[in-house]
Structures are given as C-alpha cells and as structure tokens.
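Novice: Pasting in a structure now, in structure tokens, and then I'll have a few things to ask.
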2 protein chains.
Amino acid sequence: MRGLGEGLMQKPLTVAEQVANVLRESIAEGSLAAGTPLRQDDLAERFGFSRMPVRDALRQLEAEGIVSIHPTKGAHVARMDAAEIREIFAVRALLEGEALRLSIPNLGKEKLDEAGYVLNQIDAEPNVGRWGTLNRAFHLALYSACGNTRLLGLIEAHHNAADRYVRILLSNLNYRSRSQSEHRDLLTTCRHRDAEAAVRVLKRHLSEGMETLARAGDGLAGKS
Amino acid sequence: MRGLGEGLMQKPLTVAEQVANVLRESIAEGSLAAGTPLRQDDLAERFGFSRMPVRDALRQLEAEGIVSIHPTKGAHVARMDAAEIREIFAVRALLEGEALRLSIPNLGKEKLDEAGYVLNQIDAEPNVGRWGTLNRAFHLALYSACGNTRLLGLIEAHHNAADRYVRILLSNLNYRSRSQSEHRDLLTTCRHRDAEAAVRVLKRHLSEGMETLARAGDGLAGKS
DNA sequence: ATCTGTATCCTCGTATACGAGTATCCAGAA
DNA sequence: TTCTGGATACTCGTATACGAGGATACAGAT
C-alpha cells in the first residue's frame with residue numbers, strides 16, 4: 001500500500017525506493033519469476049549499494065504483497081497459486097466496481113477522452129512491457145473521480161500485485177483483442193453515464209480475465 | 001497490510017516486529033497522539049535497541065497507514081482528518097459488507113457462538129484498552145468463513161488503521177451501549193442466515209459510527 | 001546402504017559509524 | 001525593529017562490521 005493517504009507531496013527519492021521500483025518492474029516484467037530467492041548481498045552488489053537500502057526496498061515490496069520475507073530464511077518473489085489469483089480478482093471486482101459506481105457521476109469529459117486515448121495507445125503499442133502500465137492507466141482514469149483516495153490506493157496496490165499475471169494475459173494476442181473490445185464497451189457505457197451497466201461490464205471483464213488466468217495458470221507459480 | 005497472504009506459518013519474532021507491535025498499541029491506545037514525531041534515536045534509546053530495528057518497525061507501520069515517513073524529515077503518527085475517516089469507513093463498509101455476505105452461508109455454529117461470547121466479554125470488560133481488540137474480534141469472527149484470505153487481511157489492516165478512532169468512540173459509554181445493541185441485532189440476523197439483511201444492519205452500524213466520529217472528530221487530528 | 005550426528009558455510013538480523021541534507025537560531029545590517 | 005545571512009545542531013539515509021541461527025554436506029556407525 002504505497003503512499004496510500006498522501007497524494008503527491010514531493011519527497012526526496014531515496015535509494016531504497018529506486019531499488020524497489022526496479023525490482024517491482026523486474027518482477028512485473030517477468031525477468032524475476034515467482035519463487036526466485038532475493039539475496040540481500042547479491043542485490044546490493046548488483047545495484048552497487050549496500051544491503052541497508054536493499055532491505056528497506058524488500059520490506060516495502062513485502063508490504064505490497066509482491067515478495068515474501070522470512071526472518072533468517074530470506075526473501076523470495078511471492079508465489080501465487082490459482083486460488084490466490086481468484087482472491088485478488090474478487091477483491092479487484094469489489095473495489096473497482098464500487099470506485100466506478102462512485103466515479104461515473106463525477107467523471108469529466110477530459111477523463112473519458114483520456115481513457116479513450118489510452119485505449120488507442122494500447123492498440124498501437126508494440127512493446128509488450130508497456131501494456132500492463134497502459135491497462136492500469138485506462139482503469140484508473142475511469143475511477144479517478146470516485147472521491148476516495150484510499151480506495152484508489154488499494155486499487156493501485158492490487159494492480160501492482162497482479163501485474164505480472166495480467167501481463168501474461170495481455171501477451172496472449174487473442175485475449176488482448178477481446179480485452180480491448182470489452183474496454184471499449186466499458187468506455188461507451190461510461191459515456192452514457194449508466195453506472196450500473198458499466199459496473200456489470202467491468203465485473204464481467206474482470207471475471208473473464210480471472211477465469212482465463214486461473215484456467216491456464218495452475219502451473220504458473222512453480223513448485224513450492 | 002501485515003502478513004496478508006500467508007496465514008499462520010511460524011516465523012521467528014524479530015525485534016523490529018516487537019517494536020512495531022508496541023508502537024501500534026501505543027498509537028491505538030492514544031498515548032501517542034496523531035502528529036507526534038517519532039525520532040529514531042529516541043525510540044531506539046527508549047526500547048534499548050539500535051536504530052535499525054526501529055527503522056524497520058516504522059517502515060512497517062507506514063505500510064499499515066499508521067505513521068507517515070518523510071525522508072530527511074522523519075516520521076510522525078499519521079494524521080487523519082474527518083475526510084479521511086469517512087474514506088476509511090466507506091472502504092470498511094464495502095469490504096466488510098462483502099465479507100459478511102460471503103461468510104454467512106458457510107458460517108459454522110461455533111463461530112456464531114464465539115461472536116456471541118465476545119459480545120458478553122465486551123459487556124463485562126472494565127478495561128477500556130481491550131474494547132478495541134474485542135470489537136475487532138467480534139467482527140472478524142463473523143467474516144471468518146468468507147473464504148478470501150486477502151479480503152480478511154485488508155479488513156484487519158483497516159481495523160488497525162482506524163483503531164485509535166474507534167476506541168475514542170467506544171470510550172463513550174453512550175455510544176458503546178448503542179453499538180452493543182447493534183452488534184446483537186447483527187448477530188441475530190446472522191443466526192437467521194439472512195445475508196442481505198445482515199449486510200444492511202452492518203452497513204448501518206458502520207455508517208452510524210462514522211457519522212458520530214466525523215461529527216465529533218473534526219478537531220481530533222490536531223494542527224498540521 | 002542408510003541413517004544419524006557433527007561441523008562448516010551461508011544468510012540474515014542487529015549494532016555501530018559516517019556523511020548529507022534541512023531547519024533553527026543568532027548576529028549584523030537596513 | 002525587522003529582515004537577511006550564515007553557522008550550528010539535529011536527524012535521517014547509507015555504509016561497514018559483527019554475532020546468531022539454520023541448512024547442507026560429509027563422515028562415521030549401524
């Protein structure tokens with residue numbers, strides 16, 4: 001739950017946060033697979049810093065649910081089995097559904113246009129690595145007027161936690177076109193200001209993504 | 001979000017966690033008011049440890065939303081204004097409503113009896129400091145069968161974050177008796193396995209608590 | 001051959017030390 | 001008297017150092 005309550009007050013960028021950002025991206029991108037052990041010494045040497053900022057970064061990522069830490073046993077990239085993926089998507093459906101319902105009445109035209117622009121960007125983007133980020137940007141744009149900072153923070157945190165799995169989804173060209181189609185349906189419904197219908201479309205969208213993942217992903221987490 | 005995914009695998013209790021626990025309780029209890037600066041040196045000396053575990057503890061509490069940390073400026077007990085309290089309770093209503101709805105069909109008799117027992121404990125408990133814990137135990141007992149560990153983790157985290165304000169509520173004898181009455185209504189509805197009615201009672205219960213707090217608590221957060 | 005006990009190694013948790021940034025306070029000038 | 005400039009003190013972030021606990025591998029005994 002990173003920077004949950006506080007909006008965007010400028011804080012000096014500490015080394016620990018930079019390390020955390022790089023690790024988060026590496027995990028989301030897939031170059032650090034689930035279960036990969038994260039040795040403090042190794043990371044410190046690779047990054048060129050000491051172990052202390054690395055420790056802080058790992059703690060931060062643990063709080064986000066991306067890595068697991070066991071005292072004396074070390075840290076590793078968090079594993080997620082199909083059951084946990086279902087849990088995350090259930091929570092996402094709950095949180096995002098409510099956020100969308102609250103947001104639609106206050107959603108300005110510029111935000112709707114921004115969401116539409118992001119959709120076009122997704123279609124035009126050849127780089128697989130950016131789809132996850134763009135996908136998140138689209139969703140958050142629609143929720144941005146919900147008026148509850150904390151709710152938005154939770155949603156963003158869950159996007160981060162599930163990012164690497166969503167990217168697996170999006171790397172499937174078949175799913176991607178279907179997802180885009182659902183995205184456009186959702187945007188259209190939002191433009192009509194029909195909150196309940198939009199929530200239905202959204203929940204269906206999430207539900208389908210979850211099923212696709214859970215079906216294909218039983219072997220994703222690696223062995224224990 | 002402490003120990004969110006992982007249930008109860010035994011981990012060695014580190015000094016940092018002990019410090020975090022003590023600080024969390026001190027904040028919830030009220031002896032550390034909102035806005036109180038938390039100097040690493042002071043805390044290290046008071047606890048008899050070095051600054052490192054204190055740093056870890058503060059990071060952990062920051063992740064829980066209980067303290068705020070600014071690099072080079074230090075940490076202080078997180079402030080909450082009326083708006084943020086409303087946000088927290090809105091999220092709680094959403095999360096706990098869903099958890100209750102999912103839980104009721106699978107709720108065993110022993111859990112219902114446990115919840116009832118906790119209610120009697122609250123009536124009999126003279127120590128103000130335990131009401132917050134008991135209150136949380138009652139609610140979590142009702143949600144325990146929801147089947148979503150992550151959802152339960154989020155709920156517990158938000159209880160922790162709001163604990164000190166809930167305790168202010170509960171220290172008001174008037175509110176406390178009304179709250180207990182609502183608790184018993186809720187339990188009765190749960191025993192009848194009427195999920196929708198129970199969710200209505202719960203949301204109303206939370207809404208009343210929020211209003212009482214927000215009305216009385218505009219000046220709670222202290223000055224910025 | 002297998003099982004057990006022991007010794008080594010490896011990793012983390014904690015302590016201490018150092019450097020950098022910021023806020024504060026006092027002195028001097030307008 | 002007030003404002004500005006600089007110096008000092010304070011706090012955090014980071015680096016290095018040390019001790020403890022667990023896992024593993026090897027040797028010996030059954």
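Following the order of the structure tokens, chains are lettered A, B, ..., residues in each are numbered from 1, and ligands are numbered from 1.
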Extract, using only C-alpha atoms (C1' of nucleotides), all DNA, RNA and protein residues at most 10 Å from segment 106-115 of chain A, discarding same-chain residues fewer than 3 positions from it, and format them as a list in words.

Specialist: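 What passes the distance filter is Leu100, Arg101, Leu102, Ser103, Val118, Leu119, Asn120, Gln121, Leu134, Asn135, Ala137, Phe138, His139, Leu140, Ala141, Leu142, Tyr143, Ser144, Ala145, Cys146, Gly147, His183, Arg184, Leu187, Thr188, Cys190, Arg191 and Arg193 of chain A.
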
Novice: Can you write out the residues you just picked, keeping C-alpha atoms, as a short mmCIF file (atom, residue, chain, number, x, y, z; two decimals), in the first residue's frame?

Specialist:
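Listing of again-v6.cif after writing:
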data_model
loop_
_atom_site.label_atom_id
_atom_site.label_comp_id
_atom_site.auth_asym_id
_atom_site.auth_seq_id
_atom_site.Cartn_x
_atom_site.Cartn_y
_atom_site.Cartn_z
CA LEU A 100 -16.53 3.04 -10.90
CA ARG A 101 -20.02 3.43 -9.47
CA LEU A 102 -18.89 6.39 -7.39
CA SER A 103 -16.81 7.90 -10.15
CA VAL A 118 -5.04 5.22 -23.71
CA LEU A 119 -7.06 2.53 -25.49
CA ASN A 120 -5.72 3.70 -28.82
CA GLN A 121 -2.24 3.70 -27.38
CA LEU A 134 -1.37 1.27 -20.08
CA ASN A 135 -4.03 -1.17 -18.96
CA ALA A 137 -3.84 3.76 -16.70
CA PHE A 138 -7.09 3.10 -18.54
CA HIS A 139 -8.80 1.62 -15.50
CA LEU A 140 -7.55 4.28 -13.10
CA ALA A 141 -8.70 7.06 -15.40
CA LEU A 142 -12.25 5.78 -15.15
CA TYR A 143 -12.09 5.54 -11.36
CA SER A 144 -10.28 8.82 -10.79
CA ALA A 145 -13.40 10.79 -9.89
CA CYS A 146 -14.60 8.40 -7.21
CA GLY A 147 -13.60 10.83 -4.49
CA HIS A 183 -12.64 -1.96 -22.74
CA ARG A 184 -14.41 -0.06 -25.49
CA LEU A 187 -15.94 3.23 -22.07
CA THR A 188 -19.08 3.60 -24.14
CA CYS A 190 -19.39 5.19 -19.05
CA ARG A 191 -20.00 7.89 -21.65
CA ARG A 193 -23.45 7.72 -17.63
#

Novice: Output as an mmCIF file with all heavy atoms, in the first residue's frame the set of chain A residues within 8 Å of chain C, with distances taken over only C-alpha atoms (C1' of nucleotides).

Specialist:
data_model
loop_
_atom_site.group_PDB
_atom_site.id
_atom_site.type_symbol
_atom_site.label_atom_id
_atom_site.label_comp_id
_atom_site.auth_asym_id
_atom_site.auth_seq_id
_atom_site.Cartn_x
_atom_site.Cartn_y
_atom_site.Cartn_z
ATOM 1 N N ARG A 39 18.512 -12.547 -2.566
ATOM 2 C CA ARG A 39 19.567 -12.423 -1.562
ATOM 3 C C ARG A 39 19.975 -10.967 -1.408
ATOM 4 O O ARG A 39 20.278 -10.297 -2.399
ATOM 5 C CB ARG A 39 20.786 -13.241 -1.961
ATOM 6 C CG ARG A 39 20.499 -14.679 -2.287
ATOM 7 C CD ARG A 39 20.206 -15.459 -1.036
ATOM 8 N NE ARG A 39 19.661 -16.770 -1.338
ATOM 9 C CZ ARG A 39 18.783 -17.395 -0.578
ATOM 10 N NH1 ARG A 39 18.312 -16.818 0.512
ATOM 11 N NH2 ARG A 39 18.349 -18.590 -0.895
ATOM 12 N N PRO A 71 12.189 -14.172 8.327
ATOM 13 C CA PRO A 71 13.400 -13.866 9.092
ATOM 14 C C PRO A 71 14.310 -15.086 9.117
ATOM 15 O O PRO A 71 13.837 -16.195 9.295
ATOM 16 C CB PRO A 71 12.862 -13.550 10.494
ATOM 17 C CG PRO A 71 11.446 -13.184 10.295
ATOM 18 C CD PRO A 71 10.967 -13.944 9.096
ATOM 19 N N THR A 72 15.560 -14.880 8.915
ATOM 20 C CA THR A 72 16.598 -15.908 8.892
ATOM 21 C C THR A 72 16.513 -16.801 7.641
ATOM 22 O O THR A 72 17.464 -17.529 7.373
ATOM 23 C CB THR A 72 16.570 -16.854 10.114
ATOM 24 O OG1 THR A 72 15.528 -17.787 9.981
ATOM 25 C CG2 THR A 72 16.364 -16.067 11.398
ATOM 26 N N LYS A 73 15.416 -16.776 6.910
ATOM 27 C CA LYS A 73 15.355 -17.591 5.706
ATOM 28 C C LYS A 73 15.453 -16.755 4.435
ATOM 29 O O LYS A 73 15.716 -17.292 3.361
ATOM 30 C CB LYS A 73 14.057 -18.407 5.665
ATOM 31 C CG LYS A 73 14.086 -19.629 6.572
ATOM 32 C CD LYS A 73 12.892 -20.536 6.330
ATOM 33 C CE LYS A 73 12.775 -21.002 4.909
ATOM 34 N NZ LYS A 73 11.678 -21.974 4.687
ATOM 35 N N GLY A 74 15.229 -15.477 4.531
ATOM 36 C CA GLY A 74 15.409 -14.626 3.375
ATOM 37 C C GLY A 74 14.129 -14.294 2.641
ATOM 38 O O GLY A 74 13.041 -14.683 3.063
#

Novice: Would you give me, as an mmCIF file with C-alpha atoms (C1' of nucleotides), in the first residue's frame, the residues of chain D that come within 8 Å of chain B, using only C-alpha atoms (C1' of nucleotides)?

Specialist:
data_model
loop_
_atom_site.group_PDB
_atom_site.id
_atom_site.type_symbol
_atom_site.label_atom_id
_atom_site.label_comp_id
_atom_site.auth_asym_id
_atom_site.auth_seq_id
_atom_site.Cartn_x
_atom_site.Cartn_y
_atom_site.Cartn_z
ATOM 1 C "C1'" DT D 11 18.013 13.969 12.111
ATOM 2 C "C1'" DC D 12 17.920 10.898 8.652
ATOM 3 C "C1'" DG D 13 19.989 7.805 4.972
#

Novice: Counting only C-alpha atoms, which residues of chain B come no farther than 10 Å from chain A, as an MDAnalysis selection string?

Specialist: chainID B and resid 1:6 9:14 52 55:57 59:65 68:73 78:80 83:84 86:88 90:91 94:95 98 147:151 154

Novice: List every residue of segment 47-221 of chain A that DSSP, applied to the backbone of this structure, assigns to alpha helix (DSSP H), and report them as a PyMOL selection string.

Specialist: chain A and resi 47+51-63+82-103+109-124+128-143+149-170+173-191+195-216

Novice: Per DSSP on the backbone, filter segment 18-80 of chain B down to the residues in strand (DSSP E) and report them as an mmCIF file with C-alpha atoms, in the first residue's frame.

Specialist:
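Full text of part_8.cif as output:
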data_model
loop_
_atom_site.group_PDB
_atom_site.id
_atom_site.type_symbol
_atom_site.label_atom_id
_atom_site.label_comp_id
_atom_site.auth_asym_id
_atom_site.auth_seq_id
_atom_site.Cartn_x
_atom_site.Cartn_y
_atom_site.Cartn_z
ATOM 1 C CA PRO B 37 7.040 12.992 15.875
ATOM 2 C CA LEU B 38 8.769 9.618 16.139
ATOM 3 C CA VAL B 67 2.610 6.528 10.574
ATOM 4 C CA SER B 68 3.899 8.789 7.836
ATOM 5 C CA ILE B 69 7.562 8.963 6.897
ATOM 6 C CA HIS B 70 9.292 11.740 5.031
ATOM 7 C CA GLY B 74 11.404 11.957 9.897
ATOM 8 C CA ALA B 75 8.342 10.000 10.926
ATOM 9 C CA HIS B 76 5.239 11.037 12.817
ATOM 10 C CA VAL B 77 1.993 9.403 13.844
#

Novice: For atom CA of Asn127 of chain B and atom CA of Gly153 of chain B, quote the distance in Å rounded to one decimal.

Specialist: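 Atom CA of Gly153 of chain B lies 26.6 Å from atom CA of Asn127 of chain B.
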
Novice: Hey, which of A:His205, A:Arg178, A:Arg24, A:His192 ends up closest to Asn160 of chain A? Count only C-alpha atoms.

Specialist: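 Nearest to Asn160 of chain A: A:Arg24.
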
Novice: Work out how far apart atom CA of Gln18 of chain A and atom CA of Tyr165 of chain A are and give it in Å to one decimal.

Specialist: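 Pair atom CA of Gln18 of chain A / atom CA of Tyr165 of chain A returns 22.8 Å.
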
Novice: May I ask which of the residues A:Ala93, A:Arg130, A:Arg167, A:Ile66 is the closest one to Ala34 of chain A, counting only C-alpha atoms?

Specialist: A:Ile66

Novice: State, in Å with one decimal place, the distance from atom CA of Asn174 of chain B to atom CA of Ala157 of chain B.

Specialist: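 Spanning atom CA of Asn174 of chain B to atom CA of Ala157 of chain B is a straight-line distance of 26.8 Å.
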
Novice: Excluding Phe89 of chain A and residues on its chain fewer than 5 positions from it, collect all residues at most 12 Å away from it, counting only C-alpha atoms (C1' of nucleotides), and give them as a PyMOL selection string.

Specialist: (chain A and resi 82-84+94-97+155+158-159+161-163+165-166+202-214) or (chain B and resi 148+150-151)
